[in-house]
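Below: the structure, in structure tokens.
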Amino acid sequence: MFKAKIQFILAAAFASACVSVSLGSETGSANGGSESAKQSAQIRVFNLARVSERDLSQAEGEVSRIFAEADMEVHWAVGALDDRASLITDQSAQNSSPAGCRVARHARELRLQLLQHAPRGVAPGTLGFSLPCAAFGIDSTIFVDHCENVKYQILTSFSKVLGYTMAHELGHLLLRSSEHSPTGLMRARWDRASWIRATVASILIDREQARSMRIELSRMESLAATEGSR
């Protein structure tokens, strides 16, 4: 699962004076379709780490707020922890090309799992990773213990760190790419100042990337409707 080809998202390098976060993903952009206001994202969360209901609710609230600022709604669902079929990982998710993902996503739902511990060999500052080209199974994975490390470094709330981590990962899925921006939620590197700003103010999605995300949600909705009518 953690091969060298996979580039991790929210990889934080911790030092005594600061926290630096390097963000990345693994594919090229594949935006298409038409844009409409208040596109809706369906997110199913598999809380394998058993994060408290309070912390998870607050983190989801952060994500909803960030996406609402970009004219997108987020609807949450609880993933069953014994749903083995949904918890698998698409090992063929390296199906990218310069034009983007070679396999179009047909599911209307995005699946995110929270793991208590990062697997052995994962860099200590890696908060999670996404598979924007996954055709099935889990789309994003968050390492809760590493999010807690950021919390202690910055002295902020755990739910704030978890929320921004989830939002960034979901952003890569909706961009279906490794695309970043110099500012905003999808910036490539987060230093201590970025985390503090996220804590006391807000870091939002840049306008053009928000537009691309809305287009992708519209495309996903159209594909799901087509599949459902067959």
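Residue names in the structure tokens use chain letters A, B, ... in the order shown, residue numbers from 1 in each chain, and ligand numbers from 1 in the order shown.
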
> Mind checking DSSP for stretch 13-208 of chain A and telling me the helix (DSSP H, G or I) residues as a PyMOL selection string?
Replying inline: chain A and resi 53-68+144-154+158-175+192-200+207-208

>> Show me, as number ranges by chain, the residues that have an atom within 8 Å of A:Leu162 when counting only C-alpha atoms, minus same-chain residues fewer than 3 positions from it.
In response: A: 59, 144, 147, 158-159, 165-166

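Distances to A:Arg187 were evaluated for A:Ala93, A:Cys101, A:Gln209, A:Leu173 using only C-alpha atoms, and the minimum falls at A:Gln209.
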
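Atom to atom, atom CA of A:Ile88 and atom CA of A:Leu112 stand 11.4 Å apart.
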
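Excluding A:Thr156 itself and same-chain residues fewer than 3 positions from it, the residues having an atom within 8 Å of it are Lys151, Tyr152, Lys160, Val161, Ile196 and Thr199 of chain A, counting only C-alpha atoms.
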
> What lies within 9 Å of stretch 65-69 of chain A using only C-alpha atoms, ignoring chain neighbours under 5 positions off, as a VMD selection string?
Replying inline: chain A and resid 38 60 74 164 167 185 202 to 205 210

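Put simply, atom CA of A:Gly128 is 10.4 Å away from atom CA of A:Asp145.
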
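The space between atom CA of A:Asp55 and atom CA of A:Phe129 spans 20.5 Å.
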
>> With DSSP run on the backbone, what are the strand (DSSP E) residues within stretch 23-162 of chain A? I'd like them as a ChimeraX atom specification.
In response: /A:39-46,72-78,96-97,100-101,109-115,126-130,140-143

>> Given only C-alpha atoms as the basis, pick out the residue of A:Ala134, A:Val63, A:Leu115, A:Ala70 nearest to A:Ala49.
In response: A:Leu115

> Between A:Pro132, A:Pro124, A:Gly79, A:Pro119, which has the minimum distance to A:His172 (counting only C-alpha atoms)?
Replying inline: A:Pro132

> For A:Asp191, which of A:Gln42, A:Gln153, A:Ser64, A:Ser86 is the closest residue, counting only C-alpha atoms?
Replying inline: A:Gln153

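Residue nearest A:Gly137, chosen from A:Ala85, A:Ala118, A:Leu174, A:Leu155 and counting only C-alpha atoms: A:Ala85.
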
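Among A:Ser40, A:Ile154, A:Asp90, A:Ile215, the residue with the shortest atom-to-atom distance to A:Arg197, counting only C-alpha atoms, is A:Ile154.
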
>> Which residues are close to A:Ser140, i.e. within 7 Å by only C-alpha atoms, leaving aside same-chain residues fewer than 4 positions away? Reply as number ranges by chain.
In response: A: 111-113, 129-131, 169

If you keep C-alpha atoms, can you produce a file of those selected residues as a PDB file, in the first residue's frame?
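In the end it all went to selection_4.pdb:
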```pdb
ATOM      1  CA  ARG A 111     -14.608   7.277   1.355  1.00  0.00           C
ATOM      2  CA  LEU A 112     -12.194   8.388   4.043  1.00  0.00           C
ATOM      3  CA  GLN A 113     -10.700   6.238   6.787  1.00  0.00           C
ATOM      4  CA  PHE A 129      -2.497  10.313   1.778  1.00  0.00           C
ATOM      5  CA  SER A 130      -5.081  10.223  -0.999  1.00  0.00           C
ATOM      6  CA  LEU A 131      -5.692   8.141  -4.108  1.00  0.00           C
ATOM      7  CA  GLU A 169      -7.170  15.298   1.349  1.00  0.00           C
TER       8      GLU A 169
END
```
